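Printed here is my_file00.pdb (PDB, C-alpha atoms):
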ATOM      1  CA  MET A   1     -10.288  -6.967   1.800
ATOM      2  CA  ILE A   2      -9.447  -6.867  -1.897
ATOM      3  CA  LYS A   3     -12.460  -9.053  -2.777
ATOM      4  CA  ASN A   4     -14.771  -6.790  -0.767
ATOM      5  CA  SER A   5     -13.674  -3.819  -2.886
ATOM      6  CA  PHE A   6     -15.510  -2.293  -5.822
ATOM      7  CA  VAL A   7     -13.716   1.055  -6.215
ATOM      8  CA  PHE A   8     -11.384  -0.493  -8.805
ATOM      9  CA  LEU A   9     -14.369  -0.799 -11.154
ATOM     10  CA  GLU A  10     -14.628   1.994 -13.704
ATOM     11  CA  LYS A  11     -16.526   5.044 -12.365
ATOM     12  CA  VAL A  12     -17.360   3.347  -9.057
ATOM     13  CA  THR A  13     -16.639   5.997  -6.438
ATOM     14  CA  PRO A  14     -16.286   5.310  -2.699
ATOM     15  CA  HIS A  15     -19.841   6.641  -2.291
ATOM     16  CA  LYS A  16     -21.191   4.211  -4.910
ATOM     17  CA  GLU A  17     -19.201   1.404  -3.331
ATOM     18  CA  GLN A  18     -20.968   2.097  -0.033
ATOM     19  CA  SER A  19     -24.270   1.983  -1.899
ATOM     20  CA  ILE A  20     -23.331  -1.458  -3.261
ATOM     21  CA  TRP A  21     -22.404  -2.689   0.226
ATOM     22  CA  GLY A  22     -25.660  -1.239   1.505
ATOM     23  CA  GLN A  23     -27.556  -3.579  -0.807
ATOM     24  CA  GLY A  24     -25.977  -6.592   0.856
ATOM     25  CA  ILE A  25     -23.358  -7.006  -1.882
ATOM     26  CA  HIS A  26     -20.191  -7.332   0.167
ATOM     27  CA  HIS A  27     -18.009  -9.575  -1.967
ATOM     28  CA  TRP A  28     -17.130 -10.050  -5.635
ATOM     29  CA  THR A  29     -19.147 -13.282  -5.663
ATOM     30  CA  ASP A  30     -22.190 -11.356  -4.362
ATOM     31  CA  PHE A  31     -21.800  -8.887  -7.214
ATOM     32  CA  LEU A  32     -21.472 -11.595  -9.863
ATOM     33  CA  ARG A  33     -24.509 -13.500  -8.547
ATOM     34  CA  SER A  34     -26.736 -10.415  -8.384
ATOM     35  CA  LYS A  35     -28.899  -9.984 -11.478
ATOM     36  CA  LYS A  36     -29.647  -6.355 -10.676
ATOM     37  CA  ILE A  37     -27.854  -3.741  -8.610
ATOM     38  CA  LYS A  38     -29.520  -0.462  -7.771
ATOM     39  CA  GLY A  39     -27.738   2.467  -9.399
ATOM     40  CA  ILE A  40     -25.945   0.351 -12.019
ATOM     41  CA  PRO A  41     -27.607  -0.072 -15.449
ATOM     42  CA  PRO A  42     -27.724  -3.652 -16.838
ATOM     43  CA  GLU A  43     -25.146  -2.983 -19.573
ATOM     44  CA  LYS A  44     -22.794  -1.446 -17.004
ATOM     45  CA  LYS A  45     -23.364  -4.404 -14.688
ATOM     46  CA  HIS A  46     -22.225  -6.789 -17.461
ATOM     47  CA  TYR A  47     -19.116  -4.646 -18.014
ATOM     48  CA  HIS A  48     -18.298  -4.651 -14.283
ATOM     49  CA  ASP A  49     -18.793  -8.419 -14.205
ATOM     50  CA  ARG A  50     -16.059  -8.741 -16.843
ATOM     51  CA  GLN A  51     -13.793  -6.469 -14.825
ATOM     52  CA  ILE A  52     -14.275  -8.620 -11.728
ATOM     53  CA  TRP A  53     -13.526 -11.802 -13.683
ATOM     54  CA  GLU A  54     -10.358 -10.115 -14.989
ATOM     55  CA  ALA A  55      -9.392  -9.168 -11.424
ATOM     56  CA  LEU A  56      -9.974 -12.725 -10.221
ATOM     57  CA  LYS A  57      -7.760 -14.005 -13.038
ATOM     58  CA  ALA A  58      -5.073 -11.471 -12.079
ATOM     59  CA  LEU A  59      -5.126 -12.684  -8.475
ATOM     60  CA  GLN A  60      -4.993 -16.298  -9.601
ATOM     61  CA  GLU A  61      -1.940 -15.480 -11.728
ATOM     62  CA  ASP A  62      -0.348 -13.396  -8.956
ATOM     63  CA  ASN A  63      -0.433 -10.392 -11.289
ATOM     64  CA  SER A  64      -0.542  -7.396  -8.961
ATOM     65  CA  SER A  65       0.336  -5.033 -11.825
ATOM     66  CA  TYR A  66      -3.232  -5.449 -13.084
ATOM     67  CA  PHE A  67      -4.377  -3.162 -10.259
ATOM     68  CA  VAL A  68      -1.964  -0.306 -11.031
ATOM     69  CA  GLY A  69      -4.074   2.702 -11.965
ATOM     70  CA  LYS A  70      -7.328   0.936 -11.121
ATOM     71  CA  PHE A  71      -7.512   1.660  -7.403
ATOM     72  CA  PRO A  72      -7.441   5.277  -6.213
ATOM     73  CA  ALA A  73      -4.084   5.897  -4.507
ATOM     74  CA  LYS A  74      -5.736   6.289  -1.100
ATOM     75  CA  GLU A  75      -7.385   2.850  -1.479
ATOM     76  CA  MET A  76      -4.273   0.884  -2.510
ATOM     77  CA  TRP A  77      -3.956  -0.321   1.101
ATOM     78  CA  ARG A  78      -6.673  -2.878   0.314
ATOM     79  CA  LEU A  79      -4.142  -4.919  -1.671
ATOM     80  CA  TYR A  80      -1.813  -5.379   1.290
ATOM     81  CA  ASP A  81      -3.313  -8.427   2.972
ATOM     82  CA  TYR A  82      -3.411 -10.426  -0.258
ATOM     83  CA  PHE A  83       0.138  -9.546  -1.370
ATOM     84  CA  LYS A  84       1.838  -8.980   2.006
ATOM     85  CA  ASP A  85       4.047 -12.056   1.647
ATOM     86  CA  GLN A  86       5.381 -10.618  -1.614
ATOM     87  CA  CYS A  87       5.591  -7.032  -0.414
ATOM     88  CA  CYS A  88       8.674  -4.863  -0.031
ATOM     89  CA  PHE A  89       9.283  -1.666   1.890
ATOM     90  CA  LEU A  90      11.351   1.093   0.303
ATOM     91  CA  ASP A  91      13.118   4.178   1.611
ATOM     92  CA  ILE A  92      15.767   6.437   0.105
ATOM     93  CA  GLU A  93      18.311   8.805   1.616
ATOM     94  CA  THR A  94      19.621  11.923  -0.119
ATOM     95  CA  ASP A  95      22.495  14.360   0.287
ATOM     96  CA  SER A  96      22.147  18.081   0.982
ATOM     97  CA  HIS A  97      21.501  18.700  -2.741
ATOM     98  CA  GLY A  98      18.660  16.173  -2.947
ATOM     99  CA  ARG A  99      20.715  13.563  -4.801
ATOM    100  CA  ILE A 100      20.025   9.956  -3.891
ATOM    101  CA  THR A 101      22.748   8.437  -1.727
ATOM    102  CA  VAL A 102      21.036   5.215  -0.603
ATOM    103  CA  VAL A 103      18.085   3.156  -1.782
ATOM    104  CA  GLY A 104      16.994   0.574   0.767
ATOM    105  CA  ILE A 105      14.548  -2.207  -0.137
ATOM    106  CA  SER A 106      13.428  -4.737   2.442
ATOM    107  CA  ASN A 107      10.920  -7.538   2.905
ATOM    108  CA  TYR A 108      11.525  -7.003   6.645
ATOM    109  CA  TYR A 109      13.596 -10.185   6.927
ATOM    110  CA  HIS A 110      16.261  -9.082   4.477
ATOM    111  CA  THR A 111      17.324  -5.612   3.362
ATOM    112  CA  ALA A 112      19.212  -4.742   0.195
ATOM    113  CA  SER A 113      21.102  -1.454   0.109
ATOM    114  CA  PHE A 114      22.073   0.373  -3.086
ATOM    115  CA  VAL A 115      24.685   3.073  -2.455
ATOM    116  CA  GLN A 116      25.874   5.980  -4.574
ATOM    117  CA  GLY A 117      29.320   5.221  -5.965
ATOM    118  CA  PHE A 118      29.018   1.482  -5.305
ATOM    119  CA  ASN A 119      25.961  -0.276  -6.717
ATOM    120  CA  LEU A 120      23.312   2.436  -7.160
ATOM    121  CA  GLU A 121      22.358   1.672 -10.761
ATOM    122  CA  LYS A 122      18.979   1.592 -12.461
ATOM    123  CA  GLU A 123      19.303  -1.997 -13.683
ATOM    124  CA  GLN A 124      20.241  -3.385 -10.260
ATOM    125  CA  VAL A 125      17.451  -1.578  -8.401
ATOM    126  CA  GLU A 126      14.837  -2.515 -11.018
ATOM    127  CA  GLN A 127      15.957  -6.143 -11.035
ATOM    128  CA  TYR A 128      15.619  -6.315  -7.266
ATOM    129  CA  LEU A 129      12.160  -4.714  -7.301
ATOM    130  CA  GLN A 130      10.967  -7.300  -9.833
ATOM    131  CA  LYS A 131      11.014  -9.876  -7.018
ATOM    132  CA  TYR A 132       8.017  -8.196  -5.400
ATOM    133  CA  LYS A 133       4.326  -7.630  -6.097
ATOM    134  CA  LEU A 134       3.743  -4.556  -3.919
ATOM    135  CA  VAL A 135       5.856  -1.707  -2.545
ATOM    136  CA  VAL A 136       5.203   0.338   0.591
ATOM    137  CA  THR A 137       6.749   3.720   1.450
ATOM    138  CA  PHE A 138       6.220   6.584   3.859
ATOM    139  CA  ASN A 139       5.645   9.765   1.833
ATOM    140  CA  GLY A 140       7.016   7.990  -1.219
ATOM    141  CA  SER A 141       4.554   9.628  -3.616
ATOM    142  CA  SER A 142       6.031  13.037  -2.862
ATOM    143  CA  PHE A 143       9.643  12.159  -2.062
ATOM    144  CA  ASP A 144      11.070   8.729  -2.911
ATOM    145  CA  LEU A 145       9.347   7.820  -6.171
ATOM    146  CA  PRO A 146       9.750  11.199  -7.955
ATOM    147  CA  ARG A 147      13.500  11.106  -7.204
ATOM    148  CA  LEU A 148      13.845   7.515  -8.360
ATOM    149  CA  LYS A 149      12.115   8.472 -11.593
ATOM    150  CA  LYS A 150      14.053  11.687 -12.198
ATOM    151  CA  GLN A 151      17.515  10.556 -11.130
ATOM    152  CA  LEU A 152      17.531   6.859 -12.040
ATOM    153  CA  GLY A 153      14.697   6.620 -14.574
ATOM    154  CA  ILE A 154      12.882   4.057 -12.437
ATOM    155  CA  ILE A 155       9.087   3.875 -12.791
ATOM    156  CA  LEU A 156       7.253   1.344 -10.648
ATOM    157  CA  SER A 157       5.282  -1.329 -12.483
ATOM    158  CA  ILE A 158       3.747  -2.741  -9.291
ATOM    159  CA  PRO A 159       1.167  -1.177  -6.942
ATOM    160  CA  HIS A 160       2.438   1.360  -4.413
ATOM    161  CA  ILE A 161       1.046   2.104  -0.962
ATOM    162  CA  ASP A 162       2.030   5.463   0.540
ATOM    163  CA  LEU A 163       1.533   5.299   4.305
ATOM    164  CA  LYS A 164       1.735   9.011   5.075
ATOM    165  CA  PRO A 165      -1.640  10.162   3.611
ATOM    166  CA  LEU A 166      -3.283   7.048   5.040
ATOM    167  CA  TYR A 167      -1.901   7.857   8.464
ATOM    168  CA  VAL A 168      -3.132  11.444   8.199
ATOM    169  CA  ASN A 169      -6.554  10.136   7.124
ATOM    170  CA  LEU A 170      -6.711   8.238  10.409
ATOM    171  CA  GLY A 171      -6.348  11.551  12.259
ATOM    172  CA  LEU A 172      -2.656  11.149  13.081
ATOM    173  CA  THR A 173       0.115  13.546  12.129
ATOM    174  CA  GLY A 174       3.881  13.887  12.020
ATOM    175  CA  GLY A 175       6.814  12.481  10.132
ATOM    176  CA  LEU A 176       8.147   8.952  10.332
ATOM    177  CA  LYS A 177       9.914   9.468  13.676
ATOM    178  CA  GLU A 178       6.752  10.938  15.245
ATOM    179  CA  VAL A 179       4.727   8.000  13.920
ATOM    180  CA  GLU A 180       7.231   5.583  15.450
ATOM    181  CA  LEU A 181       6.833   7.299  18.811
ATOM    182  CA  THR A 182       3.032   7.186  18.551
ATOM    183  CA  LEU A 183       3.137   3.443  17.875
ATOM    184  CA  ASP A 184       5.889   2.892  20.456
ATOM    185  CA  LEU A 185       8.328   1.541  17.874
ATOM    186  CA  LYS A 186      11.773   1.502  19.429
ATOM    187  CA  ARG A 187      15.046   2.139  17.650
ATOM    188  CA  PRO A 188      18.593   2.214  19.065
ATOM    189  CA  PRO A 189      19.524   5.704  20.406
ATOM    190  CA  HIS A 190      22.428   6.059  17.961
ATOM    191  CA  LEU A 191      20.024   5.726  15.007
ATOM    192  CA  TYR A 192      18.195   9.011  15.599
ATOM    193  CA  GLY A 193      20.822  11.048  13.750
ATOM    194  CA  ASN A 194      20.671  13.046  10.540
ATOM    195  CA  PRO A 195      21.239  10.864   7.441
ATOM    196  CA  VAL A 196      22.514  13.840   5.408
ATOM    197  CA  GLU A 197      25.191  14.534   8.015
ATOM    198  CA  LEU A 198      26.147  10.853   8.108
ATOM    199  CA  TRP A 199      26.635  10.836   4.341
ATOM    200  CA  ASN A 200      28.612  14.073   4.473
ATOM    201  CA  ALA A 201      30.887  12.612   7.158
ATOM    202  CA  PHE A 202      31.480   9.481   5.072
ATOM    203  CA  HIS A 203      32.018  11.482   1.884
ATOM    204  CA  ALA A 204      34.506  13.801   3.579
ATOM    205  CA  SER A 205      36.471  11.189   5.502
ATOM    206  CA  GLY A 206      36.071   8.016   3.489
ATOM    207  CA  ASP A 207      35.548   6.223   6.801
ATOM    208  CA  LYS A 208      33.130   3.351   6.131
ATOM    209  CA  GLU A 209      31.940   3.398   9.731
ATOM    210  CA  TRP A 210      29.882   6.486   8.814
ATOM    211  CA  LEU A 211      28.440   4.643   5.825
ATOM    212  CA  GLU A 212      27.563   1.597   7.944
ATOM    213  CA  LEU A 213      25.814   3.894  10.405
ATOM    214  CA  LEU A 214      23.833   5.471   7.551
ATOM    215  CA  LEU A 215      22.826   2.041   6.241
ATOM    216  CA  ASP A 216      21.752   0.980   9.739
ATOM    217  CA  TYR A 217      19.664   4.159   9.980
ATOM    218  CA  ASN A 218      18.044   3.483   6.619
ATOM    219  CA  ARG A 219      17.423  -0.170   7.503
ATOM    220  CA  GLU A 220      15.697   0.870  10.728
ATOM    221  CA  ASP A 221      13.438   3.243   8.784
ATOM    222  CA  ILE A 222      12.437   0.516   6.360
ATOM    223  CA  GLU A 223      11.869  -2.255   8.865
ATOM    224  CA  ASN A 224       9.613  -0.015  10.959
ATOM    225  CA  LEU A 225       7.411   0.554   7.905
ATOM    226  CA  ARG A 226       6.057  -2.960   8.247
ATOM    227  CA  ALA A 227       4.656  -2.315  11.724
ATOM    228  CA  ILE A 228       3.138   0.970  10.529
ATOM    229  CA  MET A 229       1.593  -0.777   7.508
ATOM    230  CA  GLU A 230       0.088  -3.478   9.724
ATOM    231  CA  HIS A 231      -1.363  -0.806  12.036
ATOM    232  CA  VAL A 232      -2.823   1.232   9.177
ATOM    233  CA  TYR A 233      -4.248  -1.824   7.427
ATOM    234  CA  ALA A 234      -5.909  -3.102  10.610
ATOM    235  CA  ARG A 235      -7.586   0.238  11.289
ATOM    236  CA  LYS A 236      -8.688   0.885   7.711
ATOM    237  CA  ALA A 237      -9.990  -2.663   7.304
ATOM    238  CA  ALA A 238     -11.885  -2.349  10.592
ATOM    239  CA  GLU A 239     -13.566   0.831   9.300
ATOM    240  CA  VAL A 240     -14.745  -0.966   6.166
ATOM    241  CA  GLN A 241     -15.826  -4.077   8.061
ATOM    242  CA  LYS A 242     -17.774  -1.985  10.565
ATOM    243  CA  TYR A 243     -19.710  -0.373   7.707
ATOM    244  CA  ILE A 244     -20.373  -3.743   6.051
ATOM    245  CA  ASN A 245     -21.524  -5.239   9.349
ATOM    246  CA  SER A 246     -23.851  -2.322  10.029
ATOM    247  CA  THR A 247     -25.501  -2.619   6.605
ATOM    248  CA  SER A 248     -25.850  -6.363   7.079
ATOM    249  CA  PHE A 249     -27.656  -5.783  10.373
ATOM    250  CA  ILE A 250     -30.027  -3.219   8.845
ATOM    251  CA  LEU A 251     -30.825  -5.525   5.916
ATOM    252  CA  SER A 252     -31.636  -8.454   8.183
ATOM    253  CA  HIS A 253     -33.435  -6.536  10.969
ATOM    254  CA  GLY A 254     -34.620  -3.289   9.407
ATOM    255  CA  SER A 255     -33.902   0.192  10.686
ATOM    256  CA  ASN A 256     -36.192  -0.361  13.717
ATOM    257  CA  GLY A 257     -34.477  -3.620  14.680
ATOM    258  CA  ASN A 258     -37.298  -5.887  13.495
ATOM    259  CA  THR A 259     -36.468  -8.855  11.302
ATOM    260  CA  LEU A 260     -37.363  -8.231   7.668
ATOM    261  CA  GLY A 261     -37.157 -11.797   6.431
ATOM    262  CA  ASN A 262     -37.500 -12.107   2.677
ATOM    263  CA  GLN A 263     -38.558  -8.459   2.348
ATOM    264  CA  GLY A 264     -35.191  -7.211   3.514
ATOM    265  CA  LYS A 265     -32.966  -8.329   0.655
ATOM    266  CA  TYR A 266     -32.605  -4.832  -0.817
TER     267      TYR A 266
END

Since I need it in another form, could you write the structure as C-alpha cells?
Amino acid sequence: MIKNSFVFLEKVTPHKEQSIWGQGIHHWTDFLRSKKIKGIPPEKKHYHDRQIWEALKALQEDNSSYFVGKFPAKEMWRLYDYFKDQCCFLDIETDSHGRITVVGISNYYHTASFVQGFNLEKEQVEQYLQKYKLVVTFNGSSFDLPRLKKQLGIILSIPHIDLKPLYVNLGLTGGLKEVELTLDLKRPPHLYGNPVELWNAFHASGDKEWLELLLDYNREDIENLRAIMEHVYARKAAEVQKYINSTSFILSHGSNGNTLGNQGKY
C-alpha cells in the first residue's frame, strides 16, 4: 500500500491523490513514467519525482524515519504492511496521579516491561525502541506519547500509528476493551481488572503477585493491538483498493461500460 500512496508528497491532499489514481496512476512507477499528470505543473512533477526516488531509497535502506512528518497522521497506517515485521506495539499504565508505572513494548512474540522503581529509565526504553521501525498504539497520540515525552523525555523518531482515530473512522466506537469485544478478542477473566488498583495494591503491600498481575494485564493489552492493527489495515487497504479498481474499470471501459481502447488513458 505504501507504493500506491501519494499523500506523502508535498501539498498532495487525499482529494488530489484520488485525482491521481483516477488518471490511472496507481503506483509510484506509474507516476515516474508519466510525462504529464493533470493538476500537477511540470516543475512540480519533477519535484515530486525526486521525492518518490527519495522514498524508494528510504525503503531500500529500511529507513522508516524518512516518513515521519510526511504522511498525515490518519494515513500512517499505509506503512504497516511494509514494516510489520519490524513493528512494535506500545502501551503504558499510570497510577491515580497520571504518573507512568509501566511501559510495555511488544513485537507480539516477546514483550519487554519497564516498571517504575525497577527499570523505567529513558535510556533503557529508548534503546529498546531503536530495535523497531514502526510503533503502534491505541490512543497513543493523546495518552501514551505525551506522557512519555513529559515524564521521561522520550520523543519517537520512528513513524507512529494510532489505532483509535482509525477505528473511529471506520464507524466503530469505544475504548480498547469494547474494541476487543467487537472483534471477539478473548482475554482471561482475571485480566479485566483496573490497572490503577493493581498498582496501588502492589505499592501498598509490596506483594509482587499484584505487580505480575498488572504486567499480565498490560501484556494482554499490547498483544491484542496486533489483531486490531491487522483488522484496521485490511479494511482501510480494501477501501483504497476498491477506489483504485473502480477508476481502472472506468478508464478501460468508460462510464457507460464501453471499452475506450487507446482513447481511455486519461

Expansion of the PyMOL selection byres ((chain A and resi 80) around 9) into residues, as JSON, numbers by chain: {"A": [1, 2, 76, 77, 78, 79, 81, 82, 83, 84, 85, 87, 134, 161, 229, 230, 233]}

Give me the residues near Gly175 of chain A as a tab-separated table (two decimals) with C-alpha atoms, in the coordinates of the input, where near means some atom within 9 Å (using only C-alpha atoms) and where sequence neighbours in that chain fewer than 5 positions away do not count.
chain	number	residue	atom	x	y	z
A	138	PHE	CA	6.22	6.58	3.86
A	139	ASN	CA	5.64	9.76	1.83
A	164	LYS	CA	1.74	9.01	5.08
A	180	GLU	CA	7.23	5.58	15.45

Name all residues at most 6 Å from segment 6-9 of chain A (count all atoms listed in the file; drop same-chain ones fewer than 4 positions away) and give them as a list of chain:residue names.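 The residues satisfying every condition are A:Thr13, A:Glu17, A:Lys70, A:Phe71.
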
Explicit residues for the PyMOL selection byres ((chain A and resi 25) around 12) (as a PyMOL selection string): chain A and resi 3-6+16-24+26-38+244-245+247-248+251+265-266

Neighbours of Ser106 of chain A within 8 Å (only C-alpha atoms; same-chain residues fewer than 5 positions away dropped), as a list in words? Cys88, Phe89, Leu90, Thr111, Ala112, Arg219, Ile222 and Glu223 of chain A

Enumerate, as a compact mmCIF listing (two decimals) with C-alpha atoms, keeping the file's coordinate frame, the protein, DNA and RNA residues whose atoms approach (20.6, -3.1, 1.8) to within 12 Å, taking into account only C-alpha atoms and the coordinate frame of the file.
# COMPACT_ATOMS: atom_id res chain seq x y z
CA PHE A 89 9.28 -1.67 1.89
CA LEU A 90 11.35 1.09 0.30
CA ASP A 91 13.12 4.18 1.61
CA ILE A 92 15.77 6.44 0.10
CA VAL A 102 21.04 5.22 -0.60
CA VAL A 103 18.08 3.16 -1.78
CA GLY A 104 16.99 0.57 0.77
CA ILE A 105 14.55 -2.21 -0.14
CA SER A 106 13.43 -4.74 2.44
CA ASN A 107 10.92 -7.54 2.90
CA TYR A 108 11.52 -7.00 6.64
CA TYR A 109 13.60 -10.18 6.93
CA HIS A 110 16.26 -9.08 4.48
CA THR A 111 17.32 -5.61 3.36
CA ALA A 112 19.21 -4.74 0.20
CA SER A 113 21.10 -1.45 0.11
CA PHE A 114 22.07 0.37 -3.09
CA VAL A 115 24.68 3.07 -2.46
CA PHE A 118 29.02 1.48 -5.30
CA ASN A 119 25.96 -0.28 -6.72
CA LEU A 120 23.31 2.44 -7.16
CA VAL A 125 17.45 -1.58 -8.40
CA TYR A 128 15.62 -6.32 -7.27
CA LEU A 211 28.44 4.64 5.82
CA GLU A 212 27.56 1.60 7.94
CA LEU A 214 23.83 5.47 7.55
CA LEU A 215 22.83 2.04 6.24
CA ASP A 216 21.75 0.98 9.74
CA TYR A 217 19.66 4.16 9.98
CA ASN A 218 18.04 3.48 6.62
CA ARG A 219 17.42 -0.17 7.50
CA GLU A 220 15.70 0.87 10.73
CA ASP A 221 13.44 3.24 8.78
CA ILE A 222 12.44 0.52 6.36
CA GLU A 223 11.87 -2.26 8.86

Name every residue that the PyMOL selection byres ((chain A and resi 196) around 12) selects in this structure, writing the answer as a list in words with chains first and numbers rising.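 For this structure, the PyMOL selection byres ((chain A and resi 196) around 12) resolves to Ile92, Glu93, Thr94, Asp95, Ser96, His97, Gly98, Arg99, Ile100, Thr101, Val102, Gly193, Asn194, Pro195, Glu197, Leu198, Trp199, Asn200, Ala201, Phe202, His203, Trp210, Leu211, Leu213, Leu214, Leu215, Tyr217 and Asn218 of chain A.
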
So which residues touch Leu152 of chain A within 8 Å, counting all atoms listed in the file, skipping near sequence neighbours fewer than 5 positions away, as a short mmCIF file (atom, residue, chain, number, x, y, z; two decimals) with C-alpha atoms, keeping the file's coordinate frame?
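Final output, saved to out_37.cif:
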data_model
loop_
_atom_site.label_atom_id
_atom_site.label_comp_id
_atom_site.auth_asym_id
_atom_site.auth_seq_id
_atom_site.Cartn_x
_atom_site.Cartn_y
_atom_site.Cartn_z
CA GLU A 121 22.36 1.67 -10.76
CA LYS A 122 18.98 1.59 -12.46
CA ARG A 147 13.50 11.11 -7.20
#

Could you please determine the separation between atom CA of Gln86 of chain A and atom CA of Pro188 of chain A in Å, to one decimal place?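 For atom CA of Gln86 of chain A relative to atom CA of Pro188 of chain A, the distance reads 27.7 Å.
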
Please return the centre and edge lengths, in Å to one decimal, of a box with edges along x, y and z that contains all listed atoms of segment 142-155 of chain A, widened by 6 Å on every side, as lines of an AutoDock Vina configuration file.
center_x = 11.8
center_y = 8.5
center_z = -8.3
size_x = 23.5
size_y = 21.2
size_z = 24.5

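Here atom CA of Thr137 of chain A stands at a distance of 5.1 Å from atom CA of Asp162 of chain A.
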
Choose the residue, out of A:Tyr66, A:Tyr243, A:Phe143, A:Tyr192, that has the smallest atom-to-atom separation from Ile158 of chain A; count all atoms listed in the file.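 Closest to Ile158 of chain A of all the choices is A:Tyr66.
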
Record the distance separating atom CA of Leu185 of chain A and atom CA of His160 of chain A, expressed in Å with one decimal. 23.1 Å

Which of A:Gly39, A:Pro72, A:Pro14, A:Pro165 sits closest to Val232 of chain A [using only C-alpha atoms]: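 Residue with the minimum atom-to-atom distance to Val232 of chain A: A:Pro165.
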